[in-house]
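Note sheet for the following structure.
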Protein chains: 2
Amino acid sequence: MDVHELTRTLHVKNDSKIVMYVADGLGGLPHSPDGLTELETAHTPNLDRLATQGVQGGSIPVLPGISPGSGPGHLGLFGYDPLKYLIGRGALEATGIGFQLQENDVAIRCNFCTLDADGKITDRRAGRIPTEQSHPLAIGLRKIQIPGIEVFVEPVREHRFVVVLRGKGLGSNVLDTDPQATGVPPQDPVAGDHASEQTVEVVQQFLAQARELLSDQPVANFLTMRGFSEKPQLPTYEEVYGLRAAAIAVYPMYKGLARLVGMDIVGTAQSLDEQIDILAENWEQYDFFFIHFKYTDSTGEDGDFQAKVEKTEQFDSALPRIESLNPTVLIVTGDHSTPSFLSSHSWHSVPTLLVSDCCRHDLCQTFSEQESARGGLGTFEAKHLMTLALANAGRLNKYGA
Amino acid sequence: MDVHELTRTLHVKNDSKIVMYVADGLGGLPHSPDGLTELETAHTPNLDRLATQGVQGGSIPVLPGISPGSGPGHLGLFGYDPLKYLIGRGALEATGIGFQLQENDVAIRCNFCTLDADGKITDRRAGRIPTEQSHPLAIGLRKIQIPGIEVFVEPVREHRFVVVLRGKGLGSNVLDTDPQATGVPPQDPVAGDHASEQTVEVVQQFLAQARELLSDQPVANFLTMRGFSEKPQLPTYEEVYGLRAAAIAVYPMYKGLARLVGMDIVGTAQSLDEQIDILAENWEQYDFFFIHFKYTDSTGEDGDFQAKVEKTEQFDSALPRIESLNPTVLIVTGDHSTPSFLSSHSWHSVPTLLVSDCCRHDLCQTFSEQESARGGLGTFEAKHLMTLALANAGRLNKYGA
């Protein structure tokens with residue numbers, strides 16, 4: 001049962017405003033003798049005050065024990081079952097750099113690599129060539145011309161770049177050319193179905209021209225391709241929730257994910273303060289606002305407990321300005337946990353707080369991993385959070401008579 | 001979504017060790033004015049100490065309100081959705097006596113019964129004939145010979161025994177011959193599909209010869225057959241988790257269930273102490289250990305509160321020896337609750353404790369039904385426990401980019 005089968009038919013419209021305020025990688029782990037997590041260590045007077053008004057729960061991003069990437073993590077928060085809606089790796093990479101995929105585009109993650117004189121791979125990442133060197137090489141590949149096909153080559157970072165092929169009749173079911181090994185040549189592209197046979201021909205032409213263009217390079221003299229994928233087909237927020245939705249994010253990845261579900265990307269904020277400015281400026285034009293704060297995740301990935309504490313405090317400090325707009329429903333959550341103890345995304349439940357005038361406040365007195373585990377929302381899969389948001393906003397009719 | 005679709009692709013290998021220490025029927029109910037369960041009454045210093053380090057939750061064996069038998073209870077613990085993977089009753093009965101089913105065997109639960117002169121059933125259980133009398137009768141049926149078919153007849157207890165038919169082309173979809181009533185004759189075997197028509201012919205021959213062999217018996221002069229079933233097709237622990245798994249159990253049923261998911265059965269322990277000896281001896285050879293303790297269930301089934309308390313204390317006392325091996329992940333749980341108040345398996349959630357260095361300890365201070373209901377794992381379906389075990393052992397990659 002997809003949650004959207006319910007929300008599609010039950011949603012109604014009203015003047016309510018919903019704010020989803022997301023600290024990426026919010027949940028943590030203790031690694032000190034006092035047993036406190038980053039969030040529990042941080043001084044978060046606003047979150048703790050809201051905890052005395054709202055209802056908390058522990059949000060499971062995908063399923064117990066499963067650590068999600070950013071794609072499934074956000075799809076879950078947005079209410080899209082992350083086990084049903086998959087974003088291919090090429091499409092996610094394109095999304096992450098702000099490339100706006102169109103229907104039937106084929107997006108491909110590419111690595112510059114090093115071949116020896118026999119055409120065998122000696123380095124799958126071209127010595128992790130610095131971005132300053134790889135960027136012009138990727139741009140140089142834009143010389144490639146293939147009749148009837150629009151070719152986009154977009155630099156990413158170090159050895160990584162993205163290729164998007166646009167044209168009619170291009171299936172995306174093509175096997176990786178990266179053999180995941182050295183001492184062997186790259187694999188030829190192979191179609192996984194009939195609809196992708198033309199794509200293989202296009203890719204062969206691309207690779208032949210690229211080999212020529214890169215032949216003089218000392219290190220990055222060829223490339224491998226992975227994660228051939230199309231634009232994921234996601235129903236929009238308007239369709240499934242009846243919401244005019246805006247995303248206010250700094251990083252391209254999160255703008256891209258929001259765009260995939262039909263949110264408008266508003267503003268070009270570079271800081272949290274600017275994000276809240278944009279929220280205020282756009283308050284009347286939208287029903288739903290997704291505000292993304294990146295740095296609780298990046299400091300967690302760095303394994304820097306104290307930095308994550310400080311970023312959590314910064315996240316907290318913006319709340320009064322959000323509250324002053326008087327949202328009908330305010331949700332504070334994360335797309336997954338990123339404990340600095342693990343320096344990676346993790347499976348642990350994410351403290352999640354929902355405040356509305358009909359949320360049924362629980363006994364929680366602070367906002368934390370510990371309190372959320374005992375909160376009134378229980379432990380729940382993230383894909384149900386949007387339904388709770390709509391309900392608290394008075395935007396869902398009764399199911400059945 | 002089957003959990004294994006994720007774990008199959010995400011699992012990685014490392015040197016971690018996972019111990020799942022199972023007290024059968026662990027969960028209980030109070031039946032004294034102080035309101036304490038068997039577990040809460042028992043003196044369990046080791047479990048309570050671990051509760052201050054680990055994370056607890058209430059495990060739902062199948063679905064809320066569903067009381068499982070041993071088969072679904074253990075399949076859930078092992079991470080196999082007990083609503084997807086079914087073990088036929090004949091196969092479970094064979095498994096329970098240690099019979100190793102092969103592919104395409106047909107296993108059948110049989111009851112000795114009493115027929116009157118007209119061939120009508122007067123007692124469906126042959127007066128619950130004592131095992132001492134039924135055992136030689138079952139052995140006597142081994143005289144039955146059917147061309148091209150290997151026939152196994154295995155005594156169980158009282159009126160019950162198992163027949164296994166081994167041969168090519170035997171389907172297992174045959175309707176019960178037990179009419180579930182007296183005053184009527186046993187039903188003829190009927191095939192439920194074409195593939196089982198040959199099985200019916202074999203069964204007819206078996207029944208004709210059995211009628212002859214039993215004709216002189218005063219009470220057990222015939223038999224009925226139920227639960228025709230084949231060996232369940234379960235993917236192995238190696239396939240779905242990448243784990244080399246060992247089962248250390250005393251009773252044949254639990255060895256059999258573990259064998260069905262590809263665990264090795266190690267040792268021939270007759271006591272908990274011997275089980276821990278075997279655990280230590282096999283520590284290097286396996287990644288995962290299932291240790292089964294039966295007596296919390298059998299005392300619960302007997303309705304003996306005090307005996308279940310004592311068996312719970314015995315279960316607790318073995319923990320220091322397990323801990324001394326330094327498992328990466330230690331799980332303490334049960335396959336279901338067996339409250340002595342009900343003298344039967346029940347649907348209540350099972351206190352479940354997971355200890356690892358990244359488990360995110362909750363506020364629980366003792367191991368109990370009450371604490372587990374407020375623990376950091378929340379209330380969860382047992383089929384997710386193995387995913388949590390793998391995650392805590394560092395054996396699962398991220399899902400999606």
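Every chain in the structure tokens has a letter given in the order shown (A, B, ...), and although residue numbers restart at 1 in each chain, ligands are simply numbered from 1 in the order shown.
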Using DSSP on the backbone coordinates, identify the residues of range 60-268 of chain A assigned to strand (DSSP E or B); present them as a PyMOL selection string. chain A and resi 60+68+106-115+121-123+146+149-157+160-166+174+191+222-229+245-248+264-265
When the cut-off is 7 Å and we count only C-alpha atoms, which residues of chain B are near chain A, given as a list of chain:residue names?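 Every residue of chain B that passes the 7 Å test is in B:Arg360, B:Asp362, B:Leu363, B:Arg374, B:Gly375, B:Gly376, B:Gly378, B:His384, B:Thr387, B:Leu388, B:Ala391, B:Lys398, B:Tyr399, B:Gly400, B:Ala401.
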Write a file of the just-selected residues containing N, CA and C atoms, as a PDB file, in the first residue's frame.
ATOM      1  N   ARG B 360      23.271   2.879  20.125  1.00  0.00           N
ATOM      2  CA  ARG B 360      22.549   4.024  20.707  1.00  0.00           C
ATOM      3  C   ARG B 360      21.732   3.574  21.929  1.00  0.00           C
ATOM      4  N   ASP B 362      19.521   3.408  25.119  1.00  0.00           N
ATOM      5  CA  ASP B 362      18.332   4.187  25.478  1.00  0.00           C
ATOM      6  C   ASP B 362      18.306   4.407  26.993  1.00  0.00           C
ATOM      7  N   LEU B 363      17.183   4.825  27.500  1.00  0.00           N
ATOM      8  CA  LEU B 363      17.095   5.151  28.929  1.00  0.00           C
ATOM      9  C   LEU B 363      16.785   3.930  29.785  1.00  0.00           C
ATOM     10  N   ARG B 374       9.377   0.842  26.061  1.00  0.00           N
ATOM     11  CA  ARG B 374       9.781   2.244  25.960  1.00  0.00           C
ATOM     12  C   ARG B 374      11.194   2.382  25.415  1.00  0.00           C
ATOM     13  N   GLY B 375      11.713   1.326  24.846  1.00  0.00           N
ATOM     14  CA  GLY B 375      13.113   1.331  24.428  1.00  0.00           C
ATOM     15  C   GLY B 375      13.351   2.027  23.100  1.00  0.00           C
ATOM     16  N   GLY B 376      14.597   2.210  22.805  1.00  0.00           N
ATOM     17  CA  GLY B 376      15.011   2.967  21.628  1.00  0.00           C
ATOM     18  C   GLY B 376      14.698   2.301  20.304  1.00  0.00           C
ATOM     19  N   GLY B 378      11.852   0.917  19.755  1.00  0.00           N
ATOM     20  CA  GLY B 378      10.410   0.980  19.575  1.00  0.00           C
ATOM     21  C   GLY B 378       9.805  -0.410  19.538  1.00  0.00           C
ATOM     22  N   HIS B 384      12.690  -7.668  11.209  1.00  0.00           N
ATOM     23  CA  HIS B 384      13.697  -6.616  11.010  1.00  0.00           C
ATOM     24  C   HIS B 384      14.915  -6.759  11.922  1.00  0.00           C
ATOM     25  N   THR B 387      18.305  -7.420  10.239  1.00  0.00           N
ATOM     26  CA  THR B 387      18.843  -6.244   9.545  1.00  0.00           C
ATOM     27  C   THR B 387      19.548  -5.333  10.548  1.00  0.00           C
ATOM     28  N   LEU B 388      18.916  -5.162  11.715  1.00  0.00           N
ATOM     29  CA  LEU B 388      19.563  -4.366  12.765  1.00  0.00           C
ATOM     30  C   LEU B 388      20.864  -5.011  13.216  1.00  0.00           C
ATOM     31  N   ALA B 391      23.490  -4.283  10.600  1.00  0.00           N
ATOM     32  CA  ALA B 391      23.884  -2.863  10.629  1.00  0.00           C
ATOM     33  C   ALA B 391      24.833  -2.611  11.788  1.00  0.00           C
ATOM     34  N   LYS B 398      25.310   1.269   2.539  1.00  0.00           N
ATOM     35  CA  LYS B 398      24.251   2.261   2.422  1.00  0.00           C
ATOM     36  C   LYS B 398      23.302   1.878   1.292  1.00  0.00           C
ATOM     37  N   TYR B 399      22.021   2.213   1.467  1.00  0.00           N
ATOM     38  CA  TYR B 399      21.017   1.990   0.422  1.00  0.00           C
ATOM     39  C   TYR B 399      20.860   3.265  -0.399  1.00  0.00           C
ATOM     40  N   GLY B 400      21.200   3.193  -1.672  1.00  0.00           N
ATOM     41  CA  GLY B 400      21.056   4.370  -2.534  1.00  0.00           C
ATOM     42  C   GLY B 400      22.154   5.380  -2.267  1.00  0.00           C
ATOM     43  N   ALA B 401      22.340   6.271  -3.215  1.00  0.00           N
ATOM     44  CA  ALA B 401      23.437   7.244  -3.084  1.00  0.00           C
ATOM     45  C   ALA B 401      22.947   8.511  -2.394  1.00  0.00           C
TER      46      ALA B 401
END
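Note on identical chains: chain B superimposed on chain A gives 0.2 Å, C-alpha RMSD over every paired atom.
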Suppose you want the space between CA of Lys255 in chain B and CA of Thr236 in chain B; what is it in Å? 14.5 Å
As a count of residues only, please: every residue in range 49-222 of chain B that a backbone DSSP assignment puts in helix (DSSP H, G or I). 56
Check the smallest atom-to-atom distance from each of A:Gly262, A:Gln217, A:Phe367, A:Glu212 to Asp116 in chain A using only C-alpha atoms, then report the winner. A:Gln217
Atomic separation - CA of Arg160 in chain B relative to CA of Asp123 in chain B, Å: 13.4 Å
Write out as a ChimeraX atom specification which residues come within 8 Å of range 18-23 of chain A when counting only C-alpha atoms, dropping same-chain ones fewer than 2 positions away. /A:16,25-26,287-297,312,315,327-335,389,393
Find the spatial neighbours of Ser324 in chain A, counting only C-alpha atoms, within a cut-off of 12 Å - ignore same-chain residues fewer than 6 positions away - and output them as number ranges by chain. A: 276, 279-280, 283, 318, 330
Straight-line distance linking CA of Gln133 in chain B with CA of Asn111 in chain B, stated in Å to one decimal: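 CA of Asn111 in chain B lies at a distance of 13.5 Å from CA of Gln133 in chain B.
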Taking only C-alpha atoms into account, name the residue in A:Pro179, A:Leu101, A:Leu223, A:Glu284 that is nearest to Ala245 in chain A.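 Among the listed residues, the smallest separation from Ala245 in chain A belongs to A:Glu284.
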Select, from B:Pro45, B:Gly192, B:Pro351, B:Gly96, the residue with the minimum atom-to-atom distance to Leu319 in chain B, counting only C-alpha atoms.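 Among B:Pro45, B:Gly192, B:Pro351, B:Gly96, it is B:Pro45 that comes nearest to Leu319 in chain B.
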Near Thr199 in chain A, within 10 Å and counting only C-alpha atoms, which residues show up once chain neighbours fewer than 3 positions away are dropped, as a PDB file with N, CA and C atoms, in the first residue's frame?
ATOM      1  N   VAL A 106      19.045  10.240 -20.776  1.00  0.00           N
ATOM      2  CA  VAL A 106      19.802   9.169 -20.122  1.00  0.00           C
ATOM      3  C   VAL A 106      20.991   9.820 -19.426  1.00  0.00           C
ATOM      4  N   LEU A 165      22.592  12.155 -22.239  1.00  0.00           N
ATOM      5  CA  LEU A 165      22.256  12.011 -23.658  1.00  0.00           C
ATOM      6  C   LEU A 165      20.774  12.313 -23.819  1.00  0.00           C
ATOM      7  N   ARG A 166      20.465  13.202 -24.742  1.00  0.00           N
ATOM      8  CA  ARG A 166      19.056  13.583 -24.953  1.00  0.00           C
ATOM      9  C   ARG A 166      18.688  13.337 -26.404  1.00  0.00           C
ATOM     10  N   GLY A 167      17.652  12.555 -26.605  1.00  0.00           N
ATOM     11  CA  GLY A 167      17.216  12.260 -27.962  1.00  0.00           C
ATOM     12  C   GLY A 167      16.109  11.235 -27.912  1.00  0.00           C
ATOM     13  N   LYS A 168      15.416  11.072 -29.009  1.00  0.00           N
ATOM     14  CA  LYS A 168      14.277  10.142 -29.002  1.00  0.00           C
ATOM     15  C   LYS A 168      14.748   8.693 -28.993  1.00  0.00           C
ATOM     16  N   GLY A 169      14.011   7.846 -28.307  1.00  0.00           N
ATOM     17  CA  GLY A 169      14.230   6.402 -28.387  1.00  0.00           C
ATOM     18  C   GLY A 169      15.449   5.907 -27.643  1.00  0.00           C
ATOM     19  N   LEU A 170      15.863   6.646 -26.620  1.00  0.00           N
ATOM     20  CA  LEU A 170      17.031   6.193 -25.858  1.00  0.00           C
ATOM     21  C   LEU A 170      16.581   5.525 -24.549  1.00  0.00           C
ATOM     22  N   GLY A 171      16.687   4.223 -24.502  1.00  0.00           N
ATOM     23  CA  GLY A 171      16.431   3.514 -23.243  1.00  0.00           C
ATOM     24  C   GLY A 171      17.617   3.677 -22.305  1.00  0.00           C
ATOM     25  N   SER A 172      17.392   3.449 -21.028  1.00  0.00           N
ATOM     26  CA  SER A 172      18.475   3.685 -20.060  1.00  0.00           C
ATOM     27  C   SER A 172      19.019   2.395 -19.458  1.00  0.00           C
ATOM     28  N   ASN A 173      18.599   1.274 -20.001  1.00  0.00           N
ATOM     29  CA  ASN A 173      19.046   0.005 -19.432  1.00  0.00           C
ATOM     30  C   ASN A 173      20.327  -0.461 -20.131  1.00  0.00           C
ATOM     31  N   VAL A 174      21.424   0.144 -19.710  1.00  0.00           N
ATOM     32  CA  VAL A 174      22.733  -0.184 -20.282  1.00  0.00           C
ATOM     33  C   VAL A 174      23.655  -0.574 -19.128  1.00  0.00           C
ATOM     34  N   PRO A 189      29.902  -1.102 -23.857  1.00  0.00           N
ATOM     35  CA  PRO A 189      28.522  -0.918 -23.397  1.00  0.00           C
ATOM     36  C   PRO A 189      27.619  -2.003 -23.980  1.00  0.00           C
ATOM     37  N   VAL A 190      26.736  -2.531 -23.150  1.00  0.00           N
ATOM     38  CA  VAL A 190      25.829  -3.612 -23.557  1.00  0.00           C
ATOM     39  C   VAL A 190      24.408  -3.226 -23.144  1.00  0.00           C
ATOM     40  N   ALA A 191      23.474  -3.414 -24.062  1.00  0.00           N
ATOM     41  CA  ALA A 191      22.079  -3.075 -23.759  1.00  0.00           C
ATOM     42  C   ALA A 191      21.438  -4.175 -22.923  1.00  0.00           C
ATOM     43  N   HIS A 194      15.844  -4.288 -25.442  1.00  0.00           N
ATOM     44  CA  HIS A 194      15.802  -3.796 -26.830  1.00  0.00           C
ATOM     45  C   HIS A 194      15.727  -2.278 -26.876  1.00  0.00           C
ATOM     46  N   ALA A 195      14.981  -1.688 -25.949  1.00  0.00           N
ATOM     47  CA  ALA A 195      14.763  -0.239 -25.979  1.00  0.00           C
ATOM     48  C   ALA A 195      16.063   0.535 -25.775  1.00  0.00           C
ATOM     49  N   SER A 196      17.096  -0.138 -25.307  1.00  0.00           N
ATOM     50  CA  SER A 196      18.353   0.559 -25.012  1.00  0.00           C
ATOM     51  C   SER A 196      19.439   0.286 -26.051  1.00  0.00           C
ATOM     52  N   VAL A 202      24.850   5.073 -29.535  1.00  0.00           N
ATOM     53  CA  VAL A 202      25.228   6.453 -29.234  1.00  0.00           C
ATOM     54  C   VAL A 202      26.441   6.480 -28.299  1.00  0.00           C
ATOM     55  N   VAL A 203      26.402   5.622 -27.297  1.00  0.00           N
ATOM     56  CA  VAL A 203      27.496   5.567 -26.324  1.00  0.00           C
ATOM     57  C   VAL A 203      28.796   5.132 -27.006  1.00  0.00           C
ATOM     58  N   GLN A 204      28.687   4.193 -27.928  1.00  0.00           N
ATOM     59  CA  GLN A 204      29.892   3.758 -28.650  1.00  0.00           C
ATOM     60  C   GLN A 204      30.524   4.934 -29.401  1.00  0.00           C
ATOM     61  N   GLN A 205      29.674   5.744 -30.043  1.00  0.00           N
ATOM     62  CA  GLN A 205      30.201   6.918 -30.749  1.00  0.00           C
ATOM     63  C   GLN A 205      30.831   7.901 -29.770  1.00  0.00           C
ATOM     64  N   PHE A 228      23.739   4.145 -15.654  1.00  0.00           N
ATOM     65  CA  PHE A 228      22.844   4.668 -16.697  1.00  0.00           C
ATOM     66  C   PHE A 228      21.428   4.738 -16.134  1.00  0.00           C
TER      67      PHE A 228
END
Report as a list in words all protein, DNA and RNA residues lying within 6 Å of Ala382 in chain A, evaluated on only C-alpha atoms, omitting residues in the same chain fewer than 4 positions from it.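 What passes the distance filter is Ser59, Ile60, Pro61, Gly76 and Leu77 of chain A.
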Writer output for current selection, C-alpha atoms, as a tab-separated table (two decimals), in the first residue's frame:
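Dumped everything to result_12.tsv:
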chain	number	residue	atom	x	y	z
A	59	SER	CA	11.65	8.32	12.28
A	60	ILE	CA	13.02	5.27	10.47
A	61	PRO	CA	14.29	6.52	7.08
A	76	GLY	CA	11.10	9.13	2.60
A	77	LEU	CA	10.76	12.56	4.23
Closest to Phe222 in chain B among B:Lys120, B:His336, B:Arg157, B:Lys308, using only C-alpha atoms?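 For Phe222 in chain B, the nearest of the given residues is B:Lys120.
Distances here use only C-alpha atoms; by that measure, the residue among A:Ala181, A:Ala220, A:Arg124, A:Gly256 closest to Pro136 in chain A is A:Ala220.
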Out of A:Val153, A:Met253, A:Ile322, A:Leu213, which residue has the shortest atom-to-atom distance to Asp24 in chain A when counting only C-alpha atoms?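 Counting only C-alpha atoms, the residue closest to Asp24 in chain A is A:Met253.
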